[in-house]
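In what follows, a structure is listed as structure tokens, so that the remarks can point back to it.
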Amino acid sequence: MGKIIGHLLRASTTRFVVGCRVSEMESPAFGSLIRVPLLVGTEIYGLIYDMHIDDDGLVRQLVTAEDIDPSVIADNRINRNVPLEISVLAVGYNQDGRIHHLLPTRPPLSLDVIYKCTDEQLREFTTGRFGYFRHILRAKDLPVDELLAAHLRDAHKANAESGNSEWIHVATQELIVLLRDDYPTLMSVLSALSDIQIPREKVT
Amino acid sequence: MTVNYKQVQEQIQSLAAEAPERLQELAKRRAMAEELLHGGTLDLENLTEKVQTIARKHDQNLRCAVPVSDTNGSFPPLTTHITLPEFPKQATILAADGSQILPDRHAEVYFGLINISAIQMRYGESTPPQTTSTSQLFYDPALQGVSEATLSLQRDLNERLILVNLAAKAQPPVITFTDGPLELWGTKESTGEFQKSLQAYLQLLENLSNSNTVTAGYVDRPAANLVVRLLEISLLPQDHLFVINQHSPLQGVQDIHLFAGVLAPGERSCVFGIQSRSSINYSGALGLHFFYLNVGREGHPWPVRVEIPAWVIADETMLNDLHSTLVHQCHIMGQRPYPYLLHRAHELAVVSFEDAQQVSHMISMELQRHGVPFGELSYKQSAKNLGGRTRLER
């Protein structure tokens, strides 16, 4: 099933926001692939592109103390209702077992449960085709280079574990093709990719 | 906009013009009070007798501090300041607070609600505090004859009750506190209703005493003049005690003005007894006492009053543990010291307008499900809720 990250707060066709307690933030990470099961046989996929931790008056006051007791930190993270907001970019959906790299036909609904994809699910989503790259590259207001680097690192790890070490090189080639007319973005993406643990000679 | 700002402005100008003179007068009185406090000429034994005589013969409503003698029978000076004791290595700290929804006859549904929350922290462990909340709904017929004062009394009782219940299960030593005075307040103290609540309250205090639980009432920015009134009494000649009600040479001076200059950060004053009309209700181990505690920092003193029962002052370890715990709790809050757990208990207990609306909605839905008719907003309330001006959007 994967680990539950949180519940849906608000959504549109292209993006959605998930709320969870700060104490539950260990599992999701920037660039993680998540999924939202809808009706039987349908689920939406998305990539985490932002995480917000909001403060409030008490937290602002507590930081003025010289040192903060561990139990006070635990109280604020576990008992107090200070949610972590996770922003997600929709990158595809699964209907009746078939994965589409298209925008979902409808957004998820309030309080839908959001799961982190397992390595197996990440492999299923990324294997063979890279249609979902266009959703990322179109999101000009996001740190596209960093998001791609984080996602490719995760996907490479999942694919390499099942013996497909070539996945990262094919994915990089696909990005080069997609960005051939956008030199600044291409350079930025390749620069970010060079910072992740991938054999350098095959990246470009 | 119906406030007559012109009139208000005239009044502001007038009060501002008079302020320097008032301040000068107050400064003189403060200086006089400080001289009395620090002078070392007070005969505290005699002063205690004076207080008792006035309360017995001339003014039963006298409200002031009473010096408390130590185990040797001698009185510590009123300027006694006790440094911050060592913090208890292990202790269970419990704080409770309550709030209520008052019945509103203009609302759709006539109901009341008391919400009590408590939070429990174990010192010496990094586990998150445990929180508990209880809500008691008042609806017809339980609401018959229930006034705002009744709900407030019940809330105060329930605050102490939740502490008794949680303290009974907690690992000792247990230190509990609530916001405000320890003394139960009621506007109509002679009524049977108040007396009944008072007896229940005293029983709860008795339970805390029997379980060796520390309990206290924390009064932030106290405006009282309990010690100042004691100093005023010291100025009264023995044969003029009957003029006590016309005798207030230190009017306007508050206790915190005095103790801000006596207590260094983290220090507490000596313990005082409380002479009040209702103090007779709190006898023996339940006798009401207080001390001032400076929870502020260097250059920014912040004296607060801590009310405690007699069983706490009888055990120096209890008193010291309470002292250091409150200072530690206040330091958690950084620049604006206030016990962290009290703030959290308040945060948990507070009933918002949205909560009240939600409960009202729940009641009306359930009544509707059972085919029971319920009311509608009064026309007065309905008129008050009318929206403001709107503009046609282009």
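A note on labels: chains of the structure tokens are A, B, ... as shown, every chain counts residues from 1, and ligands are counted from 1 in their shown order.
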For Leu163 in chain B, find every residue with an atom within 7 Å (counting only C-alpha atoms), except residues of its own chain fewer than 5 positions away, and show them as a PDB file with N, CA, C and O atoms, in the first residue's frame.
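As a result, part.pdb now contains:
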ATOM      1  N   LEU B  94       0.876  19.126  36.166  1.00  0.00           N
ATOM      2  CA  LEU B  94      -0.479  19.113  35.613  1.00  0.00           C
ATOM      3  C   LEU B  94      -1.062  20.520  35.635  1.00  0.00           C
ATOM      4  O   LEU B  94      -1.004  21.198  36.661  1.00  0.00           O
ATOM      5  N   ALA B  96      -4.653  22.824  34.370  1.00  0.00           N
ATOM      6  CA  ALA B  96      -6.019  22.705  33.836  1.00  0.00           C
ATOM      7  C   ALA B  96      -6.596  24.087  33.618  1.00  0.00           C
ATOM      8  O   ALA B  96      -6.244  25.043  34.297  1.00  0.00           O
ATOM      9  N   THR B 176       0.322  20.610  40.571  1.00  0.00           N
ATOM     10  CA  THR B 176      -0.805  21.031  39.739  1.00  0.00           C
ATOM     11  C   THR B 176      -1.021  22.529  39.880  1.00  0.00           C
ATOM     12  O   THR B 176      -0.741  23.091  40.930  1.00  0.00           O
TER      13      THR B 176
END
Interface list for chain B, partner chain A, 10 Å threshold, only C-alpha atoms, as a ChimeraX atom specification:
/B:121-131,330-337,340-341,343-344,347-348
Report the residues of range 7-133 of chain B whose backbone DSSP state falls under helix (DSSP H, G or I), written as a compact mmCIF listing (two decimals) with C-alpha atoms, in the first residue's frame.
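After the write, selection.txt holds the following:
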# COMPACT_ATOMS: atom_id res chain seq x y z
CA GLN B 7 -16.05 64.10 23.14
CA VAL B 8 -13.65 61.20 23.60
CA GLN B 9 -10.74 63.34 22.39
CA GLU B 10 -11.58 66.06 24.94
CA GLN B 11 -11.61 63.46 27.72
CA ILE B 12 -8.30 61.98 26.55
CA GLN B 13 -6.69 65.41 26.57
CA SER B 14 -7.98 66.05 30.05
CA LEU B 15 -6.74 62.73 31.49
CA ALA B 16 -3.36 63.13 29.81
CA ALA B 17 -2.99 66.63 31.26
CA GLU B 18 -3.70 65.32 34.77
CA ALA B 19 -1.51 62.21 34.40
CA PRO B 20 1.86 63.73 35.43
CA GLU B 21 0.38 65.04 38.68
CA ARG B 22 -1.26 61.68 39.41
CA LEU B 23 1.99 59.88 38.71
CA GLN B 24 3.87 62.21 41.03
CA GLU B 25 1.36 61.52 43.80
CA LEU B 26 1.58 57.78 43.20
CA ALA B 27 5.38 57.92 43.28
CA LYS B 28 5.21 59.58 46.71
CA ARG B 29 2.91 56.85 47.98
CA ARG B 30 5.13 54.14 46.54
CA ALA B 31 8.15 55.68 48.22
CA MET B 32 6.24 55.74 51.49
CA ALA B 33 5.23 52.08 51.08
CA GLU B 34 8.80 51.08 50.25
CA GLU B 35 10.08 52.92 53.30
CA LEU B 36 7.62 51.04 55.48
CA LEU B 37 8.50 47.71 53.89
CA HIS B 38 12.27 48.15 54.08
CA GLY B 39 12.36 50.19 57.29
CA LEU B 44 4.83 41.74 62.65
CA GLU B 45 3.40 39.94 65.65
CA ASN B 46 1.58 43.07 66.74
CA LEU B 47 0.52 43.77 63.15
CA THR B 48 -1.00 40.29 62.90
CA GLU B 49 -3.01 40.95 66.04
CA LYS B 50 -4.17 44.30 64.63
CA VAL B 51 -5.43 42.58 61.49
CA GLN B 52 -7.32 40.02 63.56
CA THR B 53 -8.85 42.74 65.75
CA ILE B 54 -10.01 44.80 62.77
CA ALA B 55 -11.48 41.76 61.03
CA ARG B 56 -13.26 40.71 64.22
CA LYS B 57 -14.51 44.06 65.44
CA HIS B 58 -14.48 46.74 62.75
Residues near range 311-322 of chain B, anyone? I mean within 6 Å using only C-alpha atoms, not counting same-chain ones fewer than 6 positions away, as a VMD selection string.
chain B and resid 85 88 285
With a distance cut-off of 7 Å and only C-alpha atoms, select the neighbouring residues of Arg35 in chain A, excluding the residue or stretch itself and same-chain residues fewer than 3 positions from it, and output the selection as a PyMOL selection string.
chain A and resi 43-46+114-117
Okay, now the selection with N, CA, C and O atoms, as an mmCIF file, in the first residue's frame?
data_model
loop_
_atom_site.group_PDB
_atom_site.id
_atom_site.type_symbol
_atom_site.label_atom_id
_atom_site.label_comp_id
_atom_site.auth_asym_id
_atom_site.auth_seq_id
_atom_site.Cartn_x
_atom_site.Cartn_y
_atom_site.Cartn_z
ATOM 1 N N GLU A 43 -6.460 5.746 -9.473
ATOM 2 C CA GLU A 43 -5.652 6.524 -8.533
ATOM 3 C C GLU A 43 -4.821 7.546 -9.285
ATOM 4 O O GLU A 43 -4.453 7.339 -10.440
ATOM 5 N N ILE A 44 -4.590 8.664 -8.594
ATOM 6 C CA ILE A 44 -3.854 9.770 -9.209
ATOM 7 C C ILE A 44 -2.422 9.748 -8.688
ATOM 8 O O ILE A 44 -2.192 9.479 -7.511
ATOM 9 N N TYR A 45 -1.464 10.067 -9.579
ATOM 10 C CA TYR A 45 -0.061 10.163 -9.171
ATOM 11 C C TYR A 45 0.380 11.623 -9.156
ATOM 12 O O TYR A 45 -0.098 12.438 -9.951
ATOM 13 N N GLY A 46 1.288 11.919 -8.264
ATOM 14 C CA GLY A 46 1.829 13.281 -8.225
ATOM 15 C C GLY A 46 3.229 13.296 -7.650
ATOM 16 O O GLY A 46 3.665 12.342 -6.994
ATOM 17 N N ILE A 114 -3.620 10.224 1.068
ATOM 18 C CA ILE A 114 -2.469 10.273 0.155
ATOM 19 C C ILE A 114 -1.400 9.301 0.668
ATOM 20 O O ILE A 114 -1.048 9.323 1.855
ATOM 21 N N TYR A 115 -0.903 8.453 -0.229
ATOM 22 C CA TYR A 115 0.130 7.474 0.128
ATOM 23 C C TYR A 115 1.424 7.794 -0.596
ATOM 24 O O TYR A 115 1.400 8.307 -1.724
ATOM 25 N N LYS A 116 2.528 7.443 0.037
ATOM 26 C CA LYS A 116 3.798 7.511 -0.675
ATOM 27 C C LYS A 116 3.920 6.233 -1.510
ATOM 28 O O LYS A 116 3.606 5.142 -1.026
ATOM 29 N N CYS A 117 4.363 6.359 -2.762
ATOM 30 C CA CYS A 117 4.485 5.170 -3.616
ATOM 31 C C CYS A 117 5.639 4.292 -3.131
ATOM 32 O O CYS A 117 6.690 4.799 -2.710
#
Identify, on the basis of only C-alpha atoms, every residue whose closest approach to Thr172 in chain A does not exceed 10 Å; exclude the query and any residue fewer than 2 positions from it along the same chain; express the result as a list in words.
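Listing them by chain and then by number gives Leu148, Leu152, Trp167, Ile168, His169, Val170, Glu174, Leu175, Ile176, Val177, Leu178, Val189, Leu190, Leu193, Lys202, Val203 and Thr204 of chain A.
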Residues near Leu235 in chain B, cut-off 10 Å, only C-alpha atoms, skip fewer than 2 positions along chain, as a list of chain:residue names
B:Leu36, B:Leu42, B:Leu47, B:Leu230, B:Leu231, B:Glu232, B:Ile233, B:Pro237, B:Gln238, B:Leu241, B:His247, B:Ser248, B:Pro249
Measure the distance from CA of Thr42 in chain A to CA of His100 in chain A in Å and round it to one decimal.
10.9 Å
So that I can check the surroundings of Arg134 in chain A, please list as a ChimeraX atom specification every protein, DNA and RNA residue that reaches within 12 Å of it, counting only C-alpha atoms and ignoring chain neighbours fewer than 5 positions away.
/A:89-92,101-103,129,139-140,144,148,174-175,177-179
